[in-house]
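A.B. asks: Following this line is upload_22.csv, made up of CSV, C-alpha atoms and all ligand atoms:
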```
chain,number,residue,atom,x,y,z
Z,262,ILE,CA,11.9,7.9,-11.5
Z,263,ARG,CA,9.7,6.5,-8.7
Z,264,LEU,CA,9.3,2.8,-8.2
Z,265,GLY,CA,6.3,1.0,-6.7
Z,266,VAL,CA,7.5,-2.5,-5.7
Z,267,LEU,CA,4.8,-5.2,-5.2
Z,268,ALA,CA,5.7,-8.3,-3.2
Z,269,SER,CA,3.9,-11.2,-1.6
Z,270,GLY,CA,6.8,-13.2,-0.1
Z,271,GLY,CA,10.2,-13.0,1.5
Z,272,GLY,CA,11.3,-10.1,-0.6
Z,273,THR,CA,14.9,-11.0,-1.6
Z,274,ASN,CA,14.3,-9.4,-5.0
Z,275,LEU,CA,13.0,-6.3,-3.2
Z,276,GLN,CA,16.1,-6.4,-1.0
Z,277,SER,CA,18.4,-6.5,-4.1
Z,278,ILE,CA,16.5,-3.4,-5.5
Z,279,ILE,CA,16.8,-1.6,-2.1
Z,280,ASP,CA,20.5,-2.3,-2.0
Z,281,ALA,CA,21.1,-1.3,-5.6
Z,282,CYS,CA,19.2,2.0,-5.1
Z,283,ALA,CA,21.3,2.6,-1.9
Z,284,ALA,CA,24.5,2.0,-3.9
Z,285,ASN,CA,23.3,4.4,-6.7
Z,286,GLN,CA,23.2,1.5,-9.2
Z,287,ILE,CA,19.7,2.4,-10.2
Z,288,ALA,CA,18.6,5.8,-11.4
Z,289,ALA,CA,15.4,5.5,-9.4
Z,290,ARG,CA,14.0,5.5,-5.8
Z,291,ILE,CA,11.4,3.3,-4.2
Z,292,ALA,CA,8.4,5.4,-3.5
Z,293,CYS,CA,6.4,2.6,-1.9
Z,294,VAL,CA,6.3,-1.2,-1.2
Z,295,LEU,CA,2.9,-2.8,-1.4
Z,296,SER,CA,1.9,-6.3,-0.4
Z,297,ASN,CA,-1.3,-8.4,-0.5
Z,298,ASN,CA,0.1,-10.5,2.3
Z,299,PRO,CA,0.3,-9.1,5.9
Z,300,ASP,CA,3.0,-11.6,6.8
Z,301,ALA,CA,5.2,-10.9,3.8
Z,302,GLY,CA,8.9,-10.7,4.8
Z,303,ALA,CA,9.1,-8.0,2.1
Z,304,LEU,CA,7.1,-5.6,4.4
Z,305,GLN,CA,9.6,-6.1,7.2
Z,306,ARG,CA,12.5,-5.5,4.8
Z,307,ALA,CA,10.8,-2.3,3.6
Z,308,ALA,CA,10.2,-1.2,7.2
Z,309,ARG,CA,13.9,-1.9,8.0
Z,310,ALA,CA,14.9,0.2,5.1
Z,311,GLY,CA,12.7,3.1,6.2
Z,312,LEU,CA,10.5,2.8,3.1
Z,313,VAL,CA,6.8,3.6,2.8
Z,314,HIS,CA,5.0,0.3,2.9
Z,315,GLU,CA,1.4,-0.8,2.9
Z,316,CYS,CA,-0.5,-4.0,3.0
Z,317,LEU,CA,-3.7,-4.4,1.0
Z,318,ASP,CA,-4.9,-7.9,1.9
Z,319,HIS,CA,-6.7,-9.2,-1.2
Z,320,ARG,CA,-9.0,-11.3,1.0
Z,321,GLN,CA,-10.6,-8.1,2.3
Z,322,PHE,CA,-11.8,-7.2,-1.2
Z,323,SER,CA,-15.0,-8.6,-2.7
Z,324,CYS,CA,-13.5,-9.1,-6.2
Z,325,ARG,CA,-10.3,-9.0,-8.1
Z,326,GLN,CA,-11.3,-5.7,-9.8
Z,327,ASP,CA,-11.8,-4.0,-6.5
Z,328,PHE,CA,-8.4,-5.2,-5.2
Z,329,ASP,CA,-6.7,-4.1,-8.4
Z,330,ALA,CA,-8.4,-0.6,-8.3
Z,331,ALA,CA,-7.3,-0.2,-4.7
Z,332,MET,CA,-3.7,-1.1,-5.6
Z,333,VAL,CA,-3.7,1.3,-8.5
Z,334,ALA,CA,-5.1,4.1,-6.3
Z,335,ARG,CA,-2.2,3.6,-3.8
Z,336,LEU,CA,0.4,3.5,-6.6
Z,337,GLN,CA,-1.0,6.7,-8.1
Z,338,HIS,CA,-1.2,8.3,-4.7
Z,339,HIS,CA,2.6,7.7,-4.3
Z,340,GLN,CA,3.1,9.0,-7.9
Z,341,VAL,CA,4.8,5.8,-9.0
Z,342,ASP,CA,6.3,5.8,-12.6
Z,343,LEU,CA,7.2,2.1,-12.8
Z,344,VAL,CA,5.5,-0.8,-11.1
Z,345,VAL,CA,7.9,-3.6,-10.2
Z,346,LEU,CA,6.4,-7.0,-9.4
Z,347,ALA,CA,8.9,-8.9,-7.1
Z,348,GLY,CA,7.5,-12.2,-6.1
Z,349,PHE,CA,4.0,-10.8,-6.3
Z,350,MET,CA,1.6,-13.7,-6.4
Z,351,ARG,CA,-1.5,-12.0,-7.8
Z,352,ILE,CA,-2.4,-11.7,-11.5
Z,353,VAL,CA,-2.8,-8.0,-12.4
Z,354,GLY,CA,-6.0,-7.4,-14.3
Z,355,PRO,CA,-6.6,-5.3,-17.5
Z,356,ALA,CA,-7.6,-2.1,-15.6
Z,357,PHE,CA,-4.3,-2.3,-13.7
Z,358,ILE,CA,-2.3,-2.7,-16.9
Z,359,GLU,CA,-4.3,0.1,-18.5
Z,360,ALA,CA,-3.2,2.4,-15.6
Z,361,PHE,CA,0.5,1.7,-16.2
Z,362,PRO,CA,0.8,0.9,-19.9
Z,363,GLN,CA,4.3,-0.6,-20.6
Z,364,ARG,CA,5.2,0.4,-17.1
Z,365,ILE,CA,4.9,-2.9,-15.2
Z,366,LEU,CA,7.9,-5.2,-14.9
Z,367,ASN,CA,8.0,-8.8,-13.6
Z,368,ILE,CA,10.7,-11.3,-12.8
Z,369,HIS,CA,10.1,-15.0,-13.6
Z,370,PRO,CA,12.5,-17.8,-12.4
Z,371,ALA,CA,12.6,-19.5,-15.8
Z,372,LEU,CA,13.8,-18.8,-19.4
Z,373,LEU,CA,10.5,-17.7,-20.9
Z,374,PRO,CA,8.7,-18.7,-23.0
Z,375,ALA,CA,9.7,-22.0,-21.4
Z,376,PHE,CA,8.0,-22.9,-18.1
Z,377,PRO,CA,5.4,-20.1,-17.5
Z,378,GLY,CA,3.4,-20.3,-14.3
Z,379,LEU,CA,4.4,-21.7,-10.9
Z,380,HIS,CA,7.0,-24.1,-9.4
Z,381,VAL,CA,9.0,-23.6,-12.6
Z,382,GLN,CA,12.3,-24.5,-11.1
Z,383,LYS,CA,11.0,-28.0,-10.3
Z,384,LYS,CA,9.4,-28.2,-13.8
Z,385,ALA,CA,12.7,-27.4,-15.4
Z,386,LEU,CA,14.6,-30.0,-13.2
Z,387,ASP,CA,11.9,-32.7,-13.9
Z,388,TYR,CA,12.0,-31.9,-17.6
Z,389,GLY,CA,15.7,-32.6,-17.7
Z,390,VAL,CA,16.8,-29.3,-19.2
Z,391,ARG,CA,20.6,-28.6,-19.2
Z,392,PHE,CA,20.1,-24.9,-18.6
Z,393,ALA,CA,17.6,-22.9,-16.6
Z,394,GLY,CA,17.5,-19.2,-15.6
Z,395,CYS,CA,15.3,-16.2,-15.1
Z,396,THR,CA,13.6,-13.5,-17.2
Z,397,VAL,CA,12.7,-9.8,-16.6
Z,398,HIS,CA,9.8,-8.8,-18.9
Z,399,PHE,CA,7.1,-6.2,-19.3
Z,400,VAL,CA,3.7,-7.4,-18.0
Z,401,ASP,CA,1.0,-7.6,-20.6
Z,402,GLY,CA,-2.5,-9.2,-20.6
Z,403,GLY,CA,-1.2,-12.7,-20.4
Z,404,VAL,CA,0.6,-14.6,-17.6
Z,405,ASP,CA,4.4,-14.4,-18.0
Z,406,THR,CA,4.0,-13.4,-21.7
Z,407,GLY,CA,5.1,-9.8,-22.0
Z,408,PRO,CA,8.1,-8.5,-24.0
Z,409,ILE,CA,11.4,-9.8,-22.6
Z,410,ILE,CA,14.0,-7.3,-21.4
Z,411,VAL,CA,16.8,-9.3,-19.8
Z,412,GLN,CA,17.5,-13.0,-19.2
Z,413,ALA,CA,20.2,-14.9,-17.3
Z,414,VAL,CA,21.2,-18.6,-17.8
Z,415,VAL,CA,22.4,-21.0,-15.2
Z,416,PRO,CA,23.5,-24.6,-15.6
Z,417,VAL,CA,21.4,-27.5,-14.2
Z,418,LEU,CA,23.8,-29.9,-12.4
Z,419,ASP,CA,23.3,-33.6,-12.1
Z,420,ASN,CA,23.0,-33.5,-8.3
Z,421,ASP,CA,20.7,-30.4,-8.3
Z,422,THR,CA,17.6,-30.4,-6.2
Z,423,GLU,CA,14.7,-27.9,-6.6
Z,424,GLU,CA,16.3,-26.0,-3.7
Z,425,SER,CA,19.8,-25.8,-5.1
Z,426,LEU,CA,18.6,-24.9,-8.6
Z,427,SER,CA,16.2,-22.2,-7.2
Z,428,ALA,CA,19.1,-20.7,-5.2
Z,429,ARG,CA,21.3,-20.5,-8.3
Z,430,ILE,CA,18.5,-18.9,-10.3
Z,431,LEU,CA,17.6,-16.5,-7.4
Z,432,GLU,CA,21.2,-15.3,-7.3
Z,433,GLN,CA,20.9,-14.3,-11.0
Z,434,GLU,CA,17.5,-12.7,-10.3
Z,435,HIS,CA,19.1,-10.4,-7.8
Z,436,ARG,CA,21.6,-9.3,-10.5
Z,437,ILE,CA,19.4,-8.8,-13.6
Z,438,TYR,CA,16.4,-7.2,-11.9
Z,439,PRO,CA,18.2,-4.1,-10.7
Z,440,TYR,CA,20.0,-3.9,-14.1
Z,441,ALA,CA,16.7,-4.1,-16.0
Z,442,ILE,CA,15.1,-1.4,-13.8
Z,443,ASP,CA,18.1,0.9,-14.3
Z,444,LEU,CA,17.9,0.4,-18.0
Z,445,PHE,CA,14.2,1.5,-17.9
Z,446,ALA,CA,14.9,4.4,-15.5
Z,447,ARG,CA,17.6,5.7,-17.9
Z,448,GLY,CA,15.3,5.5,-20.9
Z,449,ALA,CA,17.4,2.8,-22.6
Z,450,LEU,CA,14.5,0.5,-23.5
Z,451,GLU,CA,12.6,0.7,-26.8
Z,452,ILE,CA,9.7,-1.7,-27.3
Z,453,ALA,CA,9.1,-2.6,-31.0
Z,454,GLY,CA,6.2,-5.1,-31.0
Z,455,ARG,CA,7.3,-8.1,-29.0
Z,456,ARG,CA,11.0,-7.1,-29.1
Z,457,VAL,CA,12.7,-4.8,-26.6
Z,458,ARG,CA,15.7,-3.0,-28.0
Z,459,ILE,CA,18.4,-1.7,-25.6
Z,460,ARG,CA,19.9,1.6,-26.8
Z,461,ALA,CA,23.6,0.5,-27.0
Z,462,GLU,CA,24.9,3.9,-25.8
Z,463,LEU,CA,22.9,3.4,-22.6
Z,464,ALA,CA,23.4,-0.3,-22.0
K,1,LIG,C1,11.5,-15.7,-6.8
K,1,LIG,O1,11.9,-16.9,-7.3
K,1,LIG,C2,10.9,-14.8,-7.9
K,1,LIG,O2,11.5,-15.2,-9.2
K,1,LIG,C3,9.5,-15.2,-7.9
K,1,LIG,O3,9.2,-15.2,-6.5
K,1,LIG,C4,10.3,-15.9,-5.8
K,1,LIG,C5,10.6,-15.2,-4.5
K,1,LIG,O4,11.1,-14.0,-4.6
K,1,LIG,N1,8.7,-14.3,-8.6
K,1,LIG,P1,11.4,-13.0,-3.3
K,1,LIG,O5,12.5,-13.7,-2.6
K,1,LIG,O6,10.2,-12.9,-2.5
K,1,LIG,O7,11.9,-11.7,-4.0
```
I need this file expressed as structure tokens, please.
C.D. replies:
Amino acid sequence: IRLGVLASGGGTNLQSIIDACAANQIAARIACVLSNNPDAGALQRAARAGLVHECLDHRQFSCRQDFDAAMVARLQHHQVDLVVLAGFMRIVGPAFIEAFPQRILNIHPALLPAFPGLHVQKKALDYGVRFAGCTVHFVDGGVDTGPIIVQAVVPVLDNDTEESLSARILEQEHRIYPYAIDLFARGALEIAGRRVRIRAELA
């Protein structure tokens, strides 16, 4: 299947997907990388990997709907089957979701439903949780609320800082995102209401 990866930042999740595709660990290929941020390291990583990459700077659009419509148009132009949000810092609106029903994934650096939103590694540390982690989920109309596909858990250590915990979580993000995308690509995922079942024979 054809992936459209959306990123706003450094792109280490994009890089893990690029590497997994190159190692034939994902039954998919990256059709395009889109960013809303002209300075995104993700665009440089895409260029280095010889991938189609485009920047649609959201500041050049008069409203969120126009930006979303432009992103959808580019994804459809590149015949994308699955949209992969990888550190994409924009909320996708209802028209975007309608264009790719149950075909948008996101990775969040916390064990949802705990700690939705931003700066969640620090929120977990400040809350005093013993375990943190990351979640790959389908994107629905809410923020960080869609059906959960894969999660990974990491311990929170006494001497952890926001940086050390974030690094430990990021390492797991790079492991579970390619795995989740491959499950989708191989048709292993079944959504039943809120729950996502993984077909055992394809796990
Ligand atoms: C990661 O923590 C990811 O979970 C969040 O954005 C951060 C940066 O990701 N969504 P990347 O290095 O730009 O892929």
A.B. asks: Could you tell me which of Z:Ser323, Z:Asn274, Z:Thr406, Z:Thr422 comes closest to Z:Val345 if we count only C-alpha atoms?
C.D. replies: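 For Z:Val345, the nearest of the candidates is Z:Asn274.
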A.B. asks: Which residues form the shell of 9 Å around ligand LIG 1 (chain K) when you count all atoms listed in the file, given as a PyMOL selection string?
C.D. replies: chain Z and resi 268-277+301-303+346-350+367-371+379-380+382+395-396+427-428+430-431+434-435
A.B. asks: For Z:Arg447, which residue among Z:Ile459, Z:Ala283, Z:Ala375, Z:Ala308 is the nearest when counting all atoms listed in the file?
C.D. replies: Z:Ile459
A.B. asks: Please identify all polymer residues within 9 Å of Z:Ile442, counting only C-alpha atoms, omitting same-chain residues fewer than 3 positions from it, and present them as a compact mmCIF listing (two decimals) with C-alpha atoms, keeping the file's coordinate frame.
C.D. replies:
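Output below, filename selection-v1.txt:
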```txt
# COMPACT_ATOMS: atom_id res chain seq x y z
CA ILE Z 278 16.50 -3.40 -5.50
CA ILE Z 287 19.70 2.40 -10.20
CA ALA Z 288 18.60 5.80 -11.40
CA ALA Z 289 15.40 5.50 -9.40
CA LEU Z 343 7.20 2.10 -12.80
CA VAL Z 345 7.90 -3.60 -10.20
CA LEU Z 366 7.90 -5.20 -14.90
CA ILE Z 437 19.40 -8.80 -13.60
CA TYR Z 438 16.40 -7.20 -11.90
CA PRO Z 439 18.20 -4.10 -10.70
CA PHE Z 445 14.20 1.50 -17.90
CA ALA Z 446 14.90 4.40 -15.50
CA ARG Z 447 17.60 5.70 -17.90
```
A.B. asks: If we count all atoms listed in the file and set the cut-off at 12 Å, which residues sit around Z:Leu372, ignoring sequence neighbours fewer than 3 positions away in its own chain? Please answer as a VMD selection string.
C.D. replies: chain Z and resid 368 to 369 375 to 378 381 to 382 384 to 385 390 to 398 405 to 406 409 to 416 430 433 to 434
A.B. asks: May I have the residues at most 7 Å from (4.0, 1.5, -9.5) in the file's coordinates, counting all atoms listed in the file, as a list in words?
C.D. replies: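 Here the neighbourhood of the point contains Leu264, Gly265, Val266, Leu336, Val341, Asp342, Leu343, Val344 and Val345 of chain Z.
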A.B. asks: For Z:Asp443, which residue among Z:Pro299, Z:Gly389, Z:Phe357, Z:Ala464 is the nearest when counting all atoms listed in the file?
C.D. replies: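 Comparing Z:Pro299, Z:Gly389, Z:Phe357, Z:Ala464 against Z:Asp443, the winner is Z:Ala464.
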A.B. asks: For Z:Ile352, find every residue with an atom within 10 Å (counting only C-alpha atoms), except residues of its own chain fewer than 4 positions away, and show them as an MDAnalysis selection string.
C.D. replies: chainID Z and resid 325 329 357 400 402:405
